[in-house]
>>> print(open('run-v8.cif').read())   # mmCIF, C-alpha atoms and all ligand atoms
data_coords
loop_
_atom_site.group_PDB
_atom_site.id
_atom_site.type_symbol
_atom_site.label_atom_id
_atom_site.label_comp_id
_atom_site.auth_asym_id
_atom_site.auth_seq_id
_atom_site.Cartn_x
_atom_site.Cartn_y
_atom_site.Cartn_z
ATOM 1 C CA MET A 1 12.188 107.963 214.170
ATOM 2 C CA GLU A 2 13.494 111.233 215.627
ATOM 3 C CA THR A 3 14.346 113.828 213.024
ATOM 4 C CA GLY A 4 13.067 116.891 214.807
ATOM 5 C CA VAL A 5 10.904 117.604 211.737
ATOM 6 C CA PRO A 6 7.160 117.442 212.396
ATOM 7 C CA VAL A 7 5.661 114.522 210.521
ATOM 8 C CA GLY A 8 3.638 115.482 207.454
ATOM 9 C CA GLU A 9 0.408 113.966 206.301
ATOM 10 C CA VAL A 10 -0.686 111.905 203.313
ATOM 11 C CA TYR A 11 -3.922 112.522 201.411
ATOM 12 C CA LEU A 12 -5.030 109.509 199.407
ATOM 13 C CA VAL A 13 -7.161 111.107 196.727
ATOM 14 C CA GLY A 14 -9.221 109.776 193.839
ATOM 15 C CA ALA A 15 -8.727 111.791 190.655
ATOM 16 C CA GLY A 16 -11.742 110.345 188.852
ATOM 17 C CA PRO A 17 -11.665 108.466 185.556
ATOM 18 C CA GLY A 18 -10.170 111.142 183.343
ATOM 19 C CA ALA A 19 -12.155 114.311 182.696
ATOM 20 C CA ALA A 20 -10.732 116.961 185.014
ATOM 21 C CA ASP A 21 -14.095 118.408 185.922
ATOM 22 C CA LEU A 22 -15.104 115.121 187.532
ATOM 23 C CA LEU A 23 -12.698 115.873 190.395
ATOM 24 C CA THR A 24 -14.271 116.509 193.776
ATOM 25 C CA LEU A 25 -13.931 119.977 195.287
ATOM 26 C CA ARG A 26 -12.040 118.420 198.190
ATOM 27 C CA ALA A 27 -9.517 116.848 195.812
ATOM 28 C CA LEU A 28 -9.003 120.218 194.131
ATOM 29 C CA ARG A 29 -8.545 122.004 197.456
ATOM 30 C CA LEU A 30 -5.921 119.507 198.549
ATOM 31 C CA MET A 31 -4.136 119.706 195.188
ATOM 32 C CA GLN A 32 -3.706 123.401 195.803
ATOM 33 C CA ALA A 33 -2.376 123.002 199.328
ATOM 34 C CA VAL A 34 0.194 120.196 199.304
ATOM 35 C CA ASP A 35 3.971 120.126 198.848
ATOM 36 C CA VAL A 36 4.285 117.076 196.642
ATOM 37 C CA VAL A 37 2.059 114.877 194.500
ATOM 38 C CA VAL A 38 2.745 111.201 193.890
ATOM 39 C CA TYR A 39 0.624 110.112 190.929
ATOM 40 C CA ASP A 40 -0.236 107.209 188.659
ATOM 41 C CA ARG A 41 -0.470 106.658 184.937
ATOM 42 C CA LEU A 42 -4.269 106.809 185.002
ATOM 43 C CA VAL A 43 -4.449 110.346 186.354
ATOM 44 C CA GLY A 44 -5.572 112.557 183.477
ATOM 45 C CA GLN A 45 -3.339 115.333 182.170
ATOM 46 C CA GLY A 46 -6.208 117.773 182.634
ATOM 47 C CA VAL A 47 -6.180 116.964 186.344
ATOM 48 C CA LEU A 48 -2.404 117.381 186.622
ATOM 49 C CA ASP A 49 -2.726 120.741 184.883
ATOM 50 C CA LEU A 50 -4.740 121.953 187.879
ATOM 51 C CA LEU A 51 -1.748 121.528 190.203
ATOM 52 C CA PRO A 52 0.056 124.746 191.083
ATOM 53 C CA ALA A 53 3.493 124.971 189.439
ATOM 54 C CA THR A 54 5.137 124.939 192.869
ATOM 55 C CA VAL A 55 3.977 121.429 193.738
ATOM 56 C CA GLU A 56 6.668 118.787 193.274
ATOM 57 C CA ARG A 57 5.488 115.906 191.028
ATOM 58 C CA ILE A 58 6.599 112.299 191.324
ATOM 59 C CA PHE A 59 5.347 109.787 188.740
ATOM 60 C CA VAL A 60 5.093 106.231 190.039
ATOM 61 C CA GLY A 61 2.768 104.860 187.372
ATOM 62 C CA LYS A 62 2.921 101.398 186.077
ATOM 63 C CA MET A 63 3.096 101.011 182.352
ATOM 64 C CA ARG A 64 1.236 97.807 181.596
ATOM 65 C CA ASP A 65 3.542 94.848 182.318
ATOM 66 C CA ARG A 66 6.402 97.200 183.159
ATOM 67 C CA HIS A 67 6.587 98.336 186.721
ATOM 68 C CA VAL A 68 8.191 101.764 186.941
ATOM 69 C CA CYS A 69 8.014 101.597 190.701
ATOM 70 C CA PRO A 70 6.974 98.441 192.574
ATOM 71 C CA GLN A 71 4.260 98.793 195.190
ATOM 72 C CA ALA A 72 6.642 98.364 198.124
ATOM 73 C CA GLY A 73 8.718 101.233 196.787
ATOM 74 C CA ILE A 74 5.646 103.469 196.552
ATOM 75 C CA ASN A 75 4.655 102.587 200.113
ATOM 76 C CA ARG A 76 8.147 103.476 201.342
ATOM 77 C CA LEU A 77 8.246 106.705 199.331
ATOM 78 C CA LEU A 78 5.008 107.946 200.931
ATOM 79 C CA VAL A 79 6.316 107.186 204.412
ATOM 80 C CA ASP A 80 9.663 108.874 203.703
ATOM 81 C CA LEU A 81 8.063 112.032 202.260
ATOM 82 C CA ALA A 82 5.721 112.362 205.231
ATOM 83 C CA ARG A 83 8.588 111.793 207.671
ATOM 84 C CA ALA A 84 10.439 114.616 205.942
ATOM 85 C CA GLY A 85 7.534 116.819 207.027
ATOM 86 C CA LYS A 86 5.808 117.079 203.640
ATOM 87 C CA ARG A 87 2.115 117.254 202.932
ATOM 88 C CA VAL A 88 1.774 114.531 200.340
ATOM 89 C CA LEU A 89 -1.008 114.101 197.816
ATOM 90 C CA ARG A 90 -1.231 110.488 196.700
ATOM 91 C CA LEU A 91 -3.301 110.925 193.560
ATOM 92 C CA LYS A 92 -4.852 107.868 191.935
ATOM 93 C CA GLY A 93 -7.114 107.344 188.951
ATOM 94 C CA GLY A 94 -10.777 106.756 189.764
ATOM 95 C CA ASP A 95 -11.419 105.929 193.391
ATOM 96 C CA PRO A 96 -8.445 104.918 195.534
ATOM 97 C CA PHE A 97 -10.338 102.071 197.222
ATOM 98 C CA ILE A 98 -11.585 100.417 194.021
ATOM 99 C CA PHE A 99 -8.870 98.279 192.445
ATOM 100 C CA GLY A 100 -6.451 101.026 193.379
ATOM 101 C CA ARG A 101 -4.286 99.433 196.080
ATOM 102 C CA GLY A 102 -5.223 102.357 198.293
ATOM 103 C CA GLY A 103 -5.740 99.977 201.192
ATOM 104 C CA GLU A 104 -2.203 98.631 200.927
ATOM 105 C CA GLU A 105 -0.728 102.110 200.935
ATOM 106 C CA LEU A 106 -2.752 103.125 203.977
ATOM 107 C CA GLU A 107 -1.763 99.971 205.855
ATOM 108 C CA SER A 108 1.860 100.886 205.411
ATOM 109 C CA LEU A 109 1.220 104.492 206.526
ATOM 110 C CA ALA A 110 -0.732 103.283 209.539
ATOM 111 C CA ALA A 111 2.088 100.910 210.494
ATOM 112 C CA ALA A 112 4.524 103.820 210.304
ATOM 113 C CA GLY A 113 2.277 106.085 212.390
ATOM 114 C CA ILE A 114 1.783 108.616 209.574
ATOM 115 C CA PRO A 115 -1.521 110.535 209.654
ATOM 116 C CA PHE A 116 -3.658 110.291 206.532
ATOM 117 C CA GLN A 117 -6.994 111.198 204.989
ATOM 118 C CA VAL A 118 -8.902 109.600 202.109
ATOM 119 C CA VAL A 119 -10.878 111.417 199.419
ATOM 120 C CA PRO A 120 -13.137 109.290 197.218
ATOM 121 C CA GLY A 121 -13.220 109.736 193.468
ATOM 122 C CA VAL A 122 -15.591 108.864 190.657
ATOM 123 C CA THR A 123 -14.619 105.306 189.841
ATOM 124 C CA ALA A 124 -14.241 104.152 186.239
ATOM 125 C CA ALA A 125 -17.436 102.082 186.428
ATOM 126 C CA THR A 126 -19.726 104.955 187.344
ATOM 127 C CA GLY A 127 -17.837 107.533 185.281
ATOM 128 C CA CYS A 128 -17.704 105.462 182.101
ATOM 129 C CA ALA A 129 -21.265 104.205 182.478
ATOM 130 C CA ALA A 130 -22.561 107.754 182.911
ATOM 131 C CA TYR A 131 -20.671 108.987 179.856
ATOM 132 C CA ALA A 132 -21.810 105.991 177.783
ATOM 133 C CA GLY A 133 -25.466 106.378 178.811
ATOM 134 C CA ILE A 134 -25.535 102.947 180.490
ATOM 135 C CA PRO A 135 -27.496 102.965 183.754
ATOM 136 C CA LEU A 136 -25.663 100.322 185.797
ATOM 137 C CA THR A 137 -28.831 99.347 187.644
ATOM 138 C CA HIS A 138 -32.367 99.495 186.319
ATOM 139 C CA ARG A 139 -35.539 98.178 187.908
ATOM 140 C CA GLU A 140 -36.421 96.104 184.862
ATOM 141 C CA HIS A 141 -32.977 94.823 183.934
ATOM 142 C CA ALA A 142 -30.433 94.694 186.748
ATOM 143 C CA GLN A 143 -30.951 94.411 190.481
ATOM 144 C CA THR A 144 -27.360 93.441 191.231
ATOM 145 C CA LEU A 145 -24.155 95.187 190.263
ATOM 146 C CA VAL A 146 -20.794 93.430 190.392
ATOM 147 C CA PHE A 147 -17.313 94.962 189.979
ATOM 148 C CA VAL A 148 -14.503 92.514 189.259
ATOM 149 C CA THR A 149 -10.936 92.681 188.067
ATOM 150 C CA GLY A 150 -10.002 90.712 184.971
ATOM 151 C CA HIS A 151 -6.316 91.170 185.645
ATOM 152 C CA THR A 152 -4.277 88.008 185.301
ATOM 153 C CA LYS A 153 -0.613 87.287 185.667
ATOM 154 C CA ASP A 154 -0.711 84.863 182.763
ATOM 155 C CA GLY A 155 -3.752 83.821 180.800
ATOM 156 C CA GLU A 156 -7.174 83.172 182.309
ATOM 157 C CA PRO A 157 -8.712 85.276 185.048
ATOM 158 C CA ASP A 158 -9.602 83.106 188.024
ATOM 159 C CA LEU A 159 -13.133 84.264 188.792
ATOM 160 C CA ASP A 160 -16.304 82.843 190.303
ATOM 161 C CA TRP A 161 -17.991 82.242 186.934
ATOM 162 C CA PRO A 162 -21.368 80.865 188.152
ATOM 163 C CA THR A 163 -21.843 84.016 190.259
ATOM 164 C CA LEU A 164 -20.808 86.317 187.429
ATOM 165 C CA ALA A 165 -23.102 84.615 184.917
ATOM 166 C CA ARG A 166 -26.291 85.159 186.949
ATOM 167 C CA PRO A 167 -29.213 86.817 185.196
ATOM 168 C CA GLY A 168 -30.561 90.194 186.324
ATOM 169 C CA GLN A 169 -27.199 91.712 187.075
ATOM 170 C CA THR A 170 -24.694 94.067 185.532
ATOM 171 C CA LEU A 171 -21.078 93.020 185.482
ATOM 172 C CA VAL A 172 -18.309 95.597 185.257
ATOM 173 C CA VAL A 173 -14.815 94.302 184.585
ATOM 174 C CA TYR A 174 -11.783 96.452 185.333
ATOM 175 C CA MET A 175 -8.440 95.546 183.732
ATOM 176 C CA GLY A 176 -10.166 92.949 181.586
ATOM 177 C CA ILE A 177 -9.289 93.829 177.990
ATOM 178 C CA LYS A 178 -6.490 91.291 177.656
ATOM 179 C CA ALA A 179 -8.778 88.527 178.913
ATOM 180 C CA LEU A 180 -11.849 89.673 176.946
ATOM 181 C CA GLY A 181 -12.086 86.562 174.743
ATOM 182 C CA SER A 182 -11.960 84.090 177.599
ATOM 183 C CA LEU A 183 -14.203 86.283 179.733
ATOM 184 C CA CYS A 184 -17.000 86.307 177.144
ATOM 185 C CA ARG A 185 -16.568 82.594 176.462
ATOM 186 C CA ARG A 186 -16.697 81.654 180.149
ATOM 187 C CA LEU A 187 -19.817 83.740 180.784
ATOM 188 C CA ILE A 188 -21.594 81.978 177.906
ATOM 189 C CA GLU A 189 -20.375 78.568 179.119
ATOM 190 C CA HIS A 190 -21.815 79.330 182.540
ATOM 191 C CA GLY A 191 -25.250 80.178 181.206
ATOM 192 C CA LEU A 192 -25.474 83.771 179.967
ATOM 193 C CA PRO A 193 -27.080 83.931 176.507
ATOM 194 C CA ALA A 194 -24.542 84.669 173.749
ATOM 195 C CA THR A 195 -26.828 87.562 172.793
ATOM 196 C CA THR A 196 -26.336 89.306 176.165
ATOM 197 C CA PRO A 197 -25.414 92.945 175.475
ATOM 198 C CA ALA A 198 -21.772 93.743 176.247
ATOM 199 C CA ALA A 199 -19.717 96.889 175.713
ATOM 200 C CA LEU A 200 -16.195 98.200 175.902
ATOM 201 C CA ILE A 201 -15.644 101.780 176.975
ATOM 202 C CA GLU A 202 -12.160 102.992 176.130
ATOM 203 C CA ASN A 203 -10.782 106.265 177.505
ATOM 204 C CA GLY A 204 -14.084 106.831 179.254
ATOM 205 C CA THR A 205 -15.069 110.460 180.043
ATOM 206 C CA TYR A 206 -12.233 111.857 177.909
ATOM 207 C CA ASP A 207 -13.113 113.735 174.737
ATOM 208 C CA HIS A 208 -11.753 110.784 172.766
ATOM 209 C CA GLN A 209 -13.939 108.211 174.565
ATOM 210 C CA GLN A 210 -14.843 105.217 172.394
ATOM 211 C CA VAL A 211 -17.751 102.891 173.082
ATOM 212 C CA VAL A 212 -18.038 99.532 171.325
ATOM 213 C CA SER A 213 -21.470 98.036 171.944
ATOM 214 C CA ALA A 214 -22.055 94.433 170.911
ATOM 215 C CA THR A 215 -22.942 91.082 172.500
ATOM 216 C CA LEU A 216 -20.965 88.482 174.421
ATOM 217 C CA ALA A 217 -20.609 86.555 171.158
ATOM 218 C CA THR A 218 -19.504 89.470 168.995
ATOM 219 C CA LEU A 219 -17.583 91.806 171.306
ATOM 220 C CA PRO A 220 -14.148 90.086 171.232
ATOM 221 C CA ALA A 221 -13.863 90.414 167.457
ATOM 222 C CA ARG A 222 -14.635 94.126 167.671
ATOM 223 C CA ALA A 223 -12.189 94.966 170.449
ATOM 224 C CA PRO A 224 -9.127 97.118 169.817
ATOM 225 C CA ASP A 225 -5.643 95.640 170.179
ATOM 226 C CA PRO A 226 -5.063 95.610 173.969
ATOM 227 C CA ARG A 227 -1.468 96.715 173.443
ATOM 228 C CA LEU A 228 -2.639 99.907 171.738
ATOM 229 C CA ALA A 229 -5.827 100.594 173.682
ATOM 230 C CA GLY A 230 -6.216 103.216 176.376
ATOM 231 C CA PRO A 231 -7.803 102.270 179.705
ATOM 232 C CA THR A 232 -10.805 100.130 178.882
ATOM 233 C CA LEU A 233 -13.754 98.954 180.938
ATOM 234 C CA ILE A 234 -16.037 96.033 180.057
ATOM 235 C CA VAL A 235 -19.743 96.176 180.918
ATOM 236 C CA VAL A 236 -21.997 93.135 180.493
ATOM 237 C CA GLY A 237 -25.747 92.941 180.953
ATOM 238 C CA ALA A 238 -29.101 93.989 179.550
ATOM 239 C CA VAL A 239 -28.550 97.627 180.598
ATOM 240 C CA VAL A 240 -25.804 97.947 177.988
ATOM 241 C CA ALA A 241 -28.455 98.033 175.258
ATOM 242 C CA LEU A 242 -29.912 101.221 176.774
ATOM 243 C CA GLY A 243 -26.733 103.045 175.835
ATOM 244 C CA ARG A 244 -27.903 103.199 172.238
ATOM 245 C CA GLN A 245 -30.831 105.360 173.286
ATOM 246 C CA LEU A 246 -29.292 107.104 176.298
ATOM 247 C CA GLY A 247 -25.753 107.750 175.068
ATOM 248 C CA TRP A 248 -25.367 111.530 175.163
ATOM 249 C CA PHE A 249 -21.655 112.291 175.280
ATOM 250 C CA SER A 250 -20.005 113.355 172.075
ATOM 251 C CA GLY A 251 -16.733 114.586 173.502
ATOM 252 C CA ALA A 252 -17.996 118.128 173.427
ATOM 253 C CA GLY A 253 -17.542 118.507 177.186
ATOM 254 C CA VAL A 254 -19.489 120.809 179.465
ATOM 255 C CA PRO A 255 -21.865 123.490 178.229
ATOM 256 C CA PRO A 256 -20.386 126.876 177.261
ATOM 257 C CA GLY A 257 -19.653 129.143 180.197
ATOM 258 C CA ALA A 258 -19.136 126.306 182.649
ATOM 259 C CA ALA A 259 -15.501 125.555 181.881
ATOM 260 C CA LEU A 260 -13.149 124.830 184.759
ATOM 261 C CA SER A 261 -10.937 127.731 183.872
ATOM 262 C CA ASP A 262 -10.649 129.543 187.180
ATOM 263 C CA ALA A 263 -9.706 126.558 189.289
ATOM 264 C CA ASP A 264 -6.874 128.337 191.013
ATOM 265 C CA GLY A 265 -8.971 131.188 192.225
ATOM 266 C CA PRO A 266 -12.626 130.662 193.066
ATOM 267 C CA ALA A 267 -13.753 131.596 196.536
ATOM 268 C CA GLY A 268 -13.589 128.773 198.985
ATOM 269 C CA LEU A 269 -11.358 126.615 196.826
ATOM 270 C CA ASP A 270 -8.025 128.093 197.705
ATOM 271 C CA GLY A 271 -7.125 125.181 199.917
ATOM 272 C CA ALA A 272 -6.155 127.309 202.888
ATOM 273 C CA SER A 273 -7.720 124.914 205.330
ATOM 274 C CA LEU A 274 -7.108 121.244 204.987
ATOM 275 C CA ASP A 275 -9.082 120.103 207.967
ATOM 276 C CA GLY A 276 -12.287 121.896 206.980
ATOM 277 C CA GLY A 277 -14.236 120.040 209.629
ATOM 278 C CA ALA A 278 -13.426 116.637 208.223
ATOM 279 C CA PRO A 279 -12.013 114.219 210.738
ATOM 280 C CA GLY A 280 -8.514 113.146 209.822
ATOM 281 C CA ALA A 281 -7.717 109.505 210.092
ATOM 282 C CA SER A 282 -4.494 108.558 211.660
ATOM 283 C CA GLY A 283 -2.571 105.400 211.956
HETATM 284 N N1 LIG B 1 -9.020 102.977 190.961
HETATM 285 C C1 LIG B 1 -9.482 102.993 189.582
HETATM 286 C C2 LIG B 1 -9.277 101.667 188.882
HETATM 287 C C3 LIG B 1 -7.844 101.273 188.687
HETATM 288 S S1 LIG B 1 -7.690 99.738 187.822
HETATM 289 C C4 LIG B 1 -10.945 103.401 189.556
HETATM 290 O O1 LIG B 1 -11.598 103.469 190.601
HETATM 291 O O2 LIG B 1 -11.450 103.669 188.469
HETATM 292 C C5 LIG B 1 -7.419 100.289 186.171
HETATM 293 C C6 LIG B 1 -8.595 99.932 185.283
HETATM 294 O O3 LIG B 1 -9.651 100.860 185.475
HETATM 295 C C7 LIG B 1 -8.296 100.004 183.809
HETATM 296 O O4 LIG B 1 -7.648 98.827 183.357
HETATM 297 C C8 LIG B 1 -9.677 100.141 183.218
HETATM 298 O O5 LIG B 1 -10.345 98.895 183.219
HETATM 299 C C9 LIG B 1 -10.361 101.010 184.264
HETATM 300 N N2 LIG B 1 -10.325 102.438 183.881
HETATM 301 C C10 LIG B 1 -9.757 103.443 184.568
HETATM 302 N N3 LIG B 1 -9.959 104.631 183.946
HETATM 303 C C11 LIG B 1 -10.685 104.357 182.838
HETATM 304 C C12 LIG B 1 -11.214 105.153 181.776
HETATM 305 N N4 LIG B 1 -11.048 106.483 181.729
HETATM 306 N N5 LIG B 1 -11.900 104.523 180.788
HETATM 307 C C13 LIG B 1 -12.074 103.199 180.826
HETATM 308 N N6 LIG B 1 -11.623 102.393 181.797
HETATM 309 C C14 LIG B 1 -10.932 102.963 182.793
#
>>> encode(input="run-v8.cif", output="structure tokens")
Amino acid sequence: METGVPVGEVYLVGAGPGAADLLTLRALRLMQAVDVVVYDRLVGQGVLDLLPATVERIFVGKMRDRHVCPQAGINRLLVDLARAGKRVLRLKGGDPFIFGRGGEELESLAAAGIPFQVVPGVTAATGCAAYAGIPLTHREHAQTLVFVTGHTKDGEPDLDWPTLARPGQTLVVYMGIKALGSLCRRLIEHGLPATTPAALIENGTYDHQQVVSATLATLPARAPDPRLAGPTLIVVGAVVALGRQLGWFSGAGVPPGAALSDADGPAGLDGASLDGGAPGASG
């Protein structure tokens, strides 16, 4: 397409699970250097507050079951903004390559010949586990770690139950709260003891994080109403029990004096250079 305008670039950036100070320095630098940000529902307000006022903001989040902007429309929007010469920050909750459709967005950019870069983020599994004091692997309890999505169009998730119900592993389920009852039941049916520790972490890493720690048998009855709950992660496995001893986060945030208050000014973070030695990927 010949517009005479130099093509912009798209930065696919993970915003982390919620707490703003879990952003990477690279994400922060890019936030301070782009023209427009295209962001999702899961990006925390504290992260958005770190954007300079001059950056245009476009919300393309999906409210559960109600698509504000279908994926094809988001793909097209990113291409159009870049073709208009903009530097575009595509900001996603967690890590863009973990249940984030980041791959689909990059495929469409690559097909359109738009240059892009990818910045990883702290994914919900590692962020929530850290803030709930649940070590996802442990030499005595879990040698395998599995991330799955519990998302279903209608009803039961279609998962490889025998694999998920193996002993000696930790299972982390994204988007699973609606299917929690059938998930726990299926895991028991496929051989996990009903007493296997299982937890829900709601609004993980935010000050209002809630952890419900129970067992496969008892967790469903203790879950919040999925229609009212914030983003919620399910963790199953022996390591969950360690959270009772290792849970440390009370919502109090970082120690005094370490607040992320000068984000728009510290040396080296002013976003002047976007290429900073990192190879840019292009389509
Ligand atoms: N790309 C994201 C995941 C998007 S899928 C990442 O890497 O984290 C959305 C699911 O992620 C939610 O349904 C929930 O299961 C989980 N999730 C995201 N943020 C969360 C949070 N702060 N607390 C608990 N679960 C979260």
>>> residues_around(input="run-v8.cif", residues="Ile58 (chain A)", least_positions_apart="3", cutoff="12 Å", atoms="only C-alpha atoms", output="PDB file with C-alpha atoms, in the coordinates of the input")
ATOM      1  CA  ASP A  35       3.971 120.126 198.848  1.00  0.00           C
ATOM      2  CA  VAL A  36       4.285 117.076 196.642  1.00  0.00           C
ATOM      3  CA  VAL A  37       2.059 114.877 194.500  1.00  0.00           C
ATOM      4  CA  VAL A  38       2.745 111.201 193.890  1.00  0.00           C
ATOM      5  CA  TYR A  39       0.624 110.112 190.929  1.00  0.00           C
ATOM      6  CA  ASP A  40      -0.236 107.209 188.659  1.00  0.00           C
ATOM      7  CA  ARG A  41      -0.470 106.658 184.937  1.00  0.00           C
ATOM      8  CA  LEU A  48      -2.404 117.381 186.622  1.00  0.00           C
ATOM      9  CA  VAL A  55       3.977 121.429 193.738  1.00  0.00           C
ATOM     10  CA  GLY A  61       2.768 104.860 187.372  1.00  0.00           C
ATOM     11  CA  VAL A  68       8.191 101.764 186.941  1.00  0.00           C
ATOM     12  CA  CYS A  69       8.014 101.597 190.701  1.00  0.00           C
ATOM     13  CA  ILE A  74       5.646 103.469 196.552  1.00  0.00           C
ATOM     14  CA  LEU A  77       8.246 106.705 199.331  1.00  0.00           C
ATOM     15  CA  LEU A  78       5.008 107.946 200.931  1.00  0.00           C
ATOM     16  CA  LEU A  81       8.063 112.032 202.260  1.00  0.00           C
ATOM     17  CA  VAL A  88       1.774 114.531 200.340  1.00  0.00           C
ATOM     18  CA  LEU A  89      -1.008 114.101 197.816  1.00  0.00           C
ATOM     19  CA  ARG A  90      -1.231 110.488 196.700  1.00  0.00           C
ATOM     20  CA  LEU A  91      -3.301 110.925 193.560  1.00  0.00           C
TER      21      LEU A  91
END
>>> residues_near_ligand(input="run-v8.cif", ligand="ligand LIG 1 (chain B)", cutoff="8 Å", atoms="only C-alpha atoms and all ligand atoms", output="MDAnalysis selection string")
chainID A and resid 14 16:19 42 92:101 121:125 127:128 149 173:177 201:206 209 230:234
>>> axis_aligned_box(input="run-v8.cif", around="region 153-165 of chain A", padding_each_side="4 Å", output="AutoDock Vina command-line options")
--center_x -11.9 --center_y 84.1 --center_z 185.6 --size_x 30.5 --size_y 14.4 --size_z 17.5
>>> closest_residue(input="run-v8.cif", among="A:Gly150, A:Gly8, A:Gly191, A:Gly168", to="Gln117 (chain A)", atoms="all atoms listed in the file")
A:Gly8
>>> resolve_selection(input="run-v8.cif", expression="the PyMOL selection byres (((chain A and resi 181) around 10) and not hetatm)", output="PDB file with C-alpha atoms, in the coordinates of the input")
ATOM      1  CA  GLU A 156      -7.174  83.172 182.309  1.00  0.00           C
ATOM      2  CA  GLY A 176     -10.166  92.949 181.586  1.00  0.00           C
ATOM      3  CA  ILE A 177      -9.289  93.829 177.990  1.00  0.00           C
ATOM      4  CA  LYS A 178      -6.490  91.291 177.656  1.00  0.00           C
ATOM      5  CA  ALA A 179      -8.778  88.527 178.913  1.00  0.00           C
ATOM      6  CA  LEU A 180     -11.849  89.673 176.946  1.00  0.00           C
ATOM      7  CA  SER A 182     -11.960  84.090 177.599  1.00  0.00           C
ATOM      8  CA  LEU A 183     -14.203  86.283 179.733  1.00  0.00           C
ATOM      9  CA  CYS A 184     -17.000  86.307 177.144  1.00  0.00           C
ATOM     10  CA  ARG A 185     -16.568  82.594 176.462  1.00  0.00           C
ATOM     11  CA  ARG A 186     -16.697  81.654 180.149  1.00  0.00           C
ATOM     12  CA  LEU A 216     -20.965  88.482 174.421  1.00  0.00           C
ATOM     13  CA  ALA A 217     -20.609  86.555 171.158  1.00  0.00           C
ATOM     14  CA  THR A 218     -19.504  89.470 168.995  1.00  0.00           C
ATOM     15  CA  LEU A 219     -17.583  91.806 171.306  1.00  0.00           C
ATOM     16  CA  PRO A 220     -14.148  90.086 171.232  1.00  0.00           C
ATOM     17  CA  ALA A 221     -13.863  90.414 167.457  1.00  0.00           C
ATOM     18  CA  ALA A 223     -12.189  94.966 170.449  1.00  0.00           C
TER      19      ALA A 223
END
>>> build_atoms(input="run-v8.cif", residues="region 27-40 of chain A", atoms="N, CA and C atoms", output="tab-separated table (two decimals), keeping the file's coordinate frame")
chain	number	residue	atom	x	y	z
A	27	ALA	N	-10.76	117.22	196.49
A	27	ALA	CA	-9.52	116.85	195.81
A	27	ALA	C	-8.82	118.11	195.30
A	28	LEU	N	-9.58	119.00	194.69
A	28	LEU	CA	-9.00	120.22	194.13
A	28	LEU	C	-8.38	121.09	195.22
A	29	ARG	N	-9.08	121.22	196.33
A	29	ARG	CA	-8.54	122.00	197.46
A	29	ARG	C	-7.22	121.44	197.93
A	30	LEU	N	-7.15	120.13	198.07
A	30	LEU	CA	-5.92	119.51	198.55
A	30	LEU	C	-4.80	119.66	197.52
A	31	MET	N	-5.15	119.55	196.24
A	31	MET	CA	-4.14	119.71	195.19
A	31	MET	C	-3.46	121.07	195.28
A	32	GLN	N	-4.23	122.04	195.75
A	32	GLN	CA	-3.71	123.40	195.80
A	32	GLN	C	-3.00	123.71	197.12
A	33	ALA	N	-2.92	122.72	198.00
A	33	ALA	CA	-2.38	123.00	199.33
A	33	ALA	C	-1.21	122.11	199.74
A	34	VAL	N	-0.84	121.16	198.89
A	34	VAL	CA	0.19	120.20	199.30
A	34	VAL	C	1.58	120.61	198.80
A	35	ASP	N	2.59	119.87	199.28
A	35	ASP	CA	3.97	120.13	198.85
A	35	ASP	C	4.36	119.26	197.66
A	36	VAL	N	3.84	118.03	197.66
A	36	VAL	CA	4.28	117.08	196.64
A	36	VAL	C	3.12	116.18	196.25
A	37	VAL	N	3.08	115.81	194.97
A	37	VAL	CA	2.06	114.88	194.50
A	37	VAL	C	2.75	113.63	193.96
A	38	VAL	N	2.24	112.49	194.37
A	38	VAL	CA	2.74	111.20	193.89
A	38	VAL	C	1.60	110.59	193.08
A	39	TYR	N	1.78	110.44	191.76
A	39	TYR	CA	0.62	110.11	190.93
A	39	TYR	C	0.89	108.94	189.99
A	40	ASP	N	-0.23	108.40	189.51
A	40	ASP	CA	-0.24	107.21	188.66
A	40	ASP	C	-0.45	107.54	187.20
